>>> print(open('upload-v5.csv').read())   # CSV, C-alpha atoms
chain,number,residue,atom,x,y,z
V,64,MET,CA,110.4,76.5,122.2
V,65,ALA,CA,112.8,79.4,123.0
V,66,GLY,CA,111.6,82.3,124.9
V,67,PHE,CA,112.1,86.0,124.2
V,68,ARG,CA,115.2,86.4,126.4
V,69,SER,CA,117.0,83.4,124.9
V,70,LEU,CA,116.2,84.6,121.4
V,71,ALA,CA,117.5,88.0,122.3
V,72,ARG,CA,120.8,86.4,123.6
V,73,GLN,CA,121.2,84.8,120.2
V,74,VAL,CA,120.7,88.1,118.4
V,75,ARG,CA,123.5,89.6,120.4
V,76,ASP,CA,125.9,86.7,120.3
V,77,PRO,CA,128.7,87.4,117.8
V,78,ARG,CA,129.6,83.7,117.7
V,79,CYS,CA,126.2,83.0,116.1
V,80,ASP,CA,125.8,82.9,112.3
V,81,LEU,CA,124.4,86.2,111.0
V,82,ALA,CA,121.4,84.3,109.4
V,83,LEU,CA,120.6,82.8,112.9
V,84,ARG,CA,120.8,86.2,114.5
V,85,ARG,CA,118.4,87.7,112.0
V,86,TYR,CA,116.1,84.7,112.3
V,87,SER,CA,116.2,85.0,116.2
V,88,LEU,CA,115.1,88.7,115.9
V,89,ARG,CA,112.2,87.7,113.7
V,90,LYS,CA,111.3,84.9,116.2
V,91,CYS,CA,111.3,87.6,119.0
V,92,LEU,CA,108.3,89.1,117.2
V,93,GLU,CA,106.3,85.9,117.8
V,94,ARG,CA,106.6,86.7,121.5
V,95,PHE,CA,106.2,90.5,121.4
V,96,ALA,CA,105.0,92.5,118.4
V,97,PRO,CA,103.0,95.7,119.3
V,98,TYR,CA,102.0,96.4,115.7
V,99,GLY,CA,101.6,92.8,114.7
V,100,HIS,CA,104.4,90.7,113.3
V,101,ARG,CA,104.8,92.2,109.8
V,102,ALA,CA,104.2,95.9,110.8
V,103,THR,CA,106.6,95.6,113.8
V,104,TRP,CA,109.3,94.0,111.6
V,105,ASP,CA,108.9,96.8,109.0
V,106,HIS,CA,109.1,99.4,111.8
V,107,LEU,CA,112.3,97.9,113.3
V,108,CYS,CA,114.0,97.6,109.9
V,109,SER,CA,113.2,101.2,108.9
V,110,ARG,CA,114.3,102.6,112.3
V,111,ALA,CA,117.5,100.5,112.5
V,112,GLY,CA,118.4,101.1,108.8
V,113,PHE,CA,118.2,97.8,107.0
V,114,GLY,CA,115.7,96.4,104.6
V,115,PRO,CA,113.0,93.9,105.6
V,116,GLU,CA,114.3,91.4,103.0
V,117,ASP,CA,118.0,92.0,103.8
V,118,ARG,CA,119.4,88.6,104.5
V,119,SER,CA,122.8,89.8,105.8
V,120,PRO,CA,122.2,93.1,107.7
V,121,ASP,CA,124.9,94.8,109.7
V,122,PRO,CA,124.9,93.0,113.1
V,123,ALA,CA,125.0,96.3,114.9
V,124,ARG,CA,121.8,97.3,113.2
V,125,LEU,CA,120.2,94.0,114.3
V,126,VAL,CA,121.2,94.7,117.9
V,127,ALA,CA,119.8,98.3,117.6
V,128,ALA,CA,116.5,96.9,116.4
V,129,LEU,CA,116.5,94.4,119.3
V,130,ASP,CA,117.3,97.2,121.8
V,131,GLU,CA,114.2,99.1,120.7
V,132,LEU,CA,112.1,96.0,120.9
V,133,GLU,CA,113.4,95.2,124.4
V,134,GLU,CA,112.8,98.7,125.7
V,135,ALA,CA,109.2,98.6,124.4
V,136,ARG,CA,108.7,95.1,126.0
V,137,SER,CA,109.9,96.4,129.4
V,138,VAL,CA,107.3,99.3,129.2
V,139,TRP,CA,104.5,96.8,128.4
V,140,LEU,CA,105.5,94.3,131.0
V,141,ALA,CA,105.5,97.0,133.7
V,142,TYR,CA,102.0,98.0,132.6
V,143,GLU,CA,100.8,94.4,132.8
V,144,VAL,CA,102.2,94.1,136.3
V,145,GLU,CA,100.3,97.2,137.4
V,146,PHE,CA,97.2,96.0,135.5
V,147,ALA,CA,97.3,92.6,137.3
V,148,LYS,CA,97.6,94.4,140.7
V,149,ARG,CA,94.7,96.7,139.9
V,150,ARG,CA,92.4,93.7,138.9
V,151,LYS,CA,93.4,91.8,142.0
V,152,LYS,CA,92.5,94.7,144.2
V,153,GLU,CA,89.2,95.3,142.3
V,154,LYS,CA,88.3,91.6,142.8
V,155,PHE,CA,89.1,91.8,146.5
V,156,ASP,CA,86.8,94.9,146.7
V,157,GLY,CA,84.0,92.9,145.0
V,158,LEU,CA,84.3,94.4,141.5
V,159,ARG,CA,84.1,91.1,139.5
V,160,ARG,CA,82.8,92.4,136.2
V,161,PRO,CA,85.7,93.7,134.1
V,162,GLY,CA,85.4,97.0,132.2
V,163,SER,CA,86.1,97.9,128.6
V,164,VAL,CA,89.8,98.3,129.2
V,165,ASP,CA,89.9,94.8,130.7
V,166,ASP,CA,88.1,93.4,127.6
V,167,TRP,CA,90.6,95.1,125.3
V,168,HIS,CA,93.6,94.0,127.4
V,169,ARG,CA,92.5,90.4,127.3
V,170,LEU,CA,92.9,90.5,123.5
V,171,THR,CA,96.4,91.9,123.8
V,172,TRP,CA,97.9,89.9,126.7
V,173,GLY,CA,101.6,89.6,126.2
V,174,GLY,CA,101.8,92.7,124.0
V,175,PHE,CA,100.9,91.2,120.7
V,176,GLY,CA,98.9,93.7,118.6
V,177,VAL,CA,98.7,96.3,121.4
V,178,ALA,CA,98.7,99.0,118.7
V,179,TRP,CA,97.7,96.8,115.8
V,180,CYS,CA,98.6,98.1,112.3
V,181,ASP,CA,96.5,96.3,109.7
V,182,ASP,CA,98.7,97.7,106.9
V,183,PRO,CA,102.2,96.5,107.6
V,184,GLY,CA,103.7,99.5,105.8
V,185,VAL,CA,101.7,102.1,107.8
V,186,HIS,CA,102.8,102.5,111.4
V,187,PRO,CA,103.9,105.2,113.8
V,188,HIS,CA,107.4,106.7,113.3
V,189,GLU,CA,108.2,107.1,117.0
V,190,SER,CA,110.0,104.5,119.0
V,191,LEU,CA,107.9,101.5,120.0
V,192,ALA,CA,108.4,102.4,123.7
V,193,GLU,CA,107.2,105.9,123.2
V,194,VAL,CA,104.1,104.7,121.3
V,195,LEU,CA,103.3,102.3,124.1
V,196,ARG,CA,103.8,105.0,126.8
V,197,ARG,CA,101.3,107.2,125.0
V,198,LEU,CA,98.9,104.4,124.6
V,199,ILE,CA,99.1,103.4,128.3
V,200,THR,CA,98.7,107.0,129.4
V,201,ALA,CA,95.5,107.2,127.2
V,202,LEU,CA,94.2,103.9,128.8
V,203,GLU,CA,94.6,105.4,132.3
V,204,ARG,CA,92.9,108.7,131.6
V,205,GLU,CA,89.4,109.8,130.6
V,206,ALA,CA,88.4,108.8,127.0
V,207,GLY,CA,89.1,111.3,124.3
V,208,SER,CA,88.3,111.9,120.6
V,209,VAL,CA,91.7,111.6,118.9
V,210,CYS,CA,94.4,109.0,118.3
V,211,PRO,CA,96.3,108.5,121.6
V,212,VAL,CA,99.6,107.9,119.7
V,213,CYS,CA,99.8,110.8,117.2
V,214,ASP,CA,96.8,113.0,118.2
V,215,GLY,CA,95.3,112.4,114.7
V,216,GLU,CA,91.7,113.5,114.4
V,217,ARG,CA,90.9,111.4,111.3
V,218,LEU,CA,89.6,108.0,112.4
V,219,SER,CA,88.1,105.6,109.9
V,220,TRP,CA,86.1,102.5,110.9
V,221,LYS,CA,87.5,99.4,109.2
V,222,TYR,CA,86.1,95.9,108.8
V,223,ASP,CA,87.8,92.6,108.3
V,224,LEU,CA,90.9,93.4,110.3
V,225,ALA,CA,93.5,90.6,110.6
V,226,HIS,CA,93.3,90.8,114.4
V,227,GLU,CA,90.7,90.8,117.1
V,228,PRO,CA,88.5,92.8,117.3
V,229,SER,CA,87.8,92.3,113.6
V,230,SER,CA,86.6,95.8,113.1
V,231,GLY,CA,87.4,99.2,114.7
V,232,PRO,CA,88.6,102.8,114.4
V,233,VAL,CA,91.9,103.1,112.5
V,234,CYS,CA,93.9,106.3,112.6
V,235,THR,CA,94.5,107.4,109.0
V,236,GLU,CA,97.7,109.2,110.0
V,237,CYS,CA,99.7,106.6,112.0
V,238,GLY,CA,97.8,103.5,111.0
V,239,ILE,CA,97.0,101.9,114.4
V,240,VAL,CA,93.7,100.4,115.3
V,241,VAL,CA,92.8,102.7,118.2
V,242,PRO,CA,91.6,100.8,121.3
V,243,ARG,CA,87.9,101.5,121.8
V,244,PRO,CA,88.3,102.2,125.5
V,245,VAL,CA,90.4,105.3,124.8
V,246,LEU,CA,87.7,106.9,122.7
V,247,THR,CA,84.4,108.6,123.7
V,248,PRO,CA,81.2,107.1,122.4
V,249,GLU,CA,80.8,110.2,120.2
V,250,ALA,CA,84.3,109.6,118.6
V,251,LEU,CA,83.5,106.0,118.0
V,252,ALA,CA,80.2,106.9,116.3
V,253,GLU,CA,82.0,109.6,114.3
V,254,SER,CA,84.5,107.1,113.0
V,255,ARG,CA,81.7,104.7,112.0
V,256,ARG,CA,79.9,107.6,110.2
V,257,GLY,CA,83.0,108.5,108.3
V,258,ARG,CA,83.2,104.9,107.1
V,259,LEU,CA,79.6,105.0,106.0
V,260,LEU,CA,80.2,108.3,104.1
V,261,LEU,CA,83.2,106.8,102.3
V,262,ALA,CA,81.2,103.7,101.3
V,263,SER,CA,78.4,105.8,99.9
V,264,ALA,CA,80.6,108.1,97.9
>>> encode(input="upload-v5.csv", output="structure tokens")
Amino acid sequence: MAGFRSLARQVRDPRCDLALRRYSLRKCLERFAPYGHRATWDHLCSRAGFGPEDRSPDPARLVAALDELEEARSVWLAYEVEFAKRRKKEKFDGLRRPGSVDDWHRLTWGGFGVAWCDDPGVHPHESLAEVLRRLITALEREAGSVCPVCDGERLSWKYDLAHEPSSGPVCTECGIVVPRPVLTPEALAESRRGRLLLASA
């Protein structure tokens, strides 16, 4: 099975058939897709300027989409290196029980679904790297009450998500499932209450 870097080389290789280059970009999303496969594909297509169903996109646009994906992947891999160093030090210092950030991180190891978007057509408009930087900053500071990506204040609790955890607060503005560790207990409770109010309306 080809890894991310070998697939990226195929996307860039002008000697490869255009269909293979497009297919290789799609396969990259099996290794790294911050919003989930379908939402990340929709995001890359819209930012690079080709349609999700376009079978013969401009090769330069494919490479532009890959560039954005690679930049985001480097941001996430750097975070994972620092995360691993921190956990190693904590274990050495006797802190064996992981915290809520660690529980969340375990579900997103490798970067798949870091900022899960359950609706593939609703996702942040900023670059993937910028979204991940904002998310990482939020994970490293004190919990707040708004979406760490867009500062949206309207969070709605959703059930039956197509990703673990299967329920959680979703930002109604940018569409991400907001990681629970970045929100205060009050903000989590408020998002649940909002869901209950909608259900009873």
>>> atom_distance(input="upload-v5.csv", atom1="CA of Leu132 in chain V", atom2="CA of Ser109 in chain V")
13.1 Å
>>> atom_distance(input="upload-v5.csv", atom1="CA of Ala71 in chain V", atom2="CA of Leu88 in chain V")
6.9 Å
>>> closest_atom_pairs(input="upload-v5.csv", of="range 64-173 of chain V", to="range 192-201 of chain V", cutoff="10 Å", atoms="only C-alpha atoms", output="CSV")
residue,atom,partner,partner_atom,distance
V:Pro97,CA,V:Leu195,CA,8.2
V:Glu131,CA,V:Ala192,CA,7.3
V:Leu132,CA,V:Ala192,CA,7.9
V:Glu133,CA,V:Ala192,CA,8.8
V:Glu134,CA,V:Ala192,CA,6.1
V:Ala135,CA,V:Ala192,CA,3.9
V:Arg136,CA,V:Ala192,CA,7.7
V:Ser137,CA,V:Ala192,CA,8.4
V:Val138,CA,V:Ala192,CA,6.4
V:Trp139,CA,V:Leu195,CA,7.1
V:Tyr142,CA,V:Ile199,CA,7.5
>>> residues_around(input="upload-v5.csv", residues="Val126 in chain V", least_positions_apart="4", cutoff="7 Å", atoms="all atoms listed in the file", output="PyMOL selection string")
chain V and resi 74-75+122+130
>>> closest_residue(input="upload-v5.csv", among="V:Asp80, V:Asp165, V:Asp181, V:Asp121", to="Arg101 in chain V", atoms="only C-alpha atoms")
V:Asp181
>>> residues_around(input="upload-v5.csv", residues="Arg94 in chain V", least_positions_apart="4", cutoff="8 Å", atoms="only C-alpha atoms", output="number ranges by chain")
V: 66-67, 90, 173, 175
>>> atom_distance(input="upload-v5.csv", atom1="CA of Gly157 in chain V", atom2="CA of Glu203 in chain V")
20.7 Å
>>> closest_atom_pairs(input="upload-v5.csv", of="range 79-137 of chain V", to="range 228-244 of chain V", cutoff="12 Å", atoms="only C-alpha atoms", output="tab-separated table")
residue	atom	partner	partner_atom	distance
V:Pro97	CA	V:Ile239	CA	9.9
V:Tyr98	CA	V:Ile239	CA	7.5
V:Gly99	CA	V:Ile239	CA	10.2
V:Ala102	CA	V:Gly238	CA	9.9
V:Thr103	CA	V:Ile239	CA	11.5
V:His106	CA	V:Cys237	CA	11.8
>>> closest_residue(input="upload-v5.csv", among="V:Leu140, V:Pro115, V:Leu129, V:Val209", to="Arg72 in chain V", atoms="all atoms listed in the file")
V:Leu129
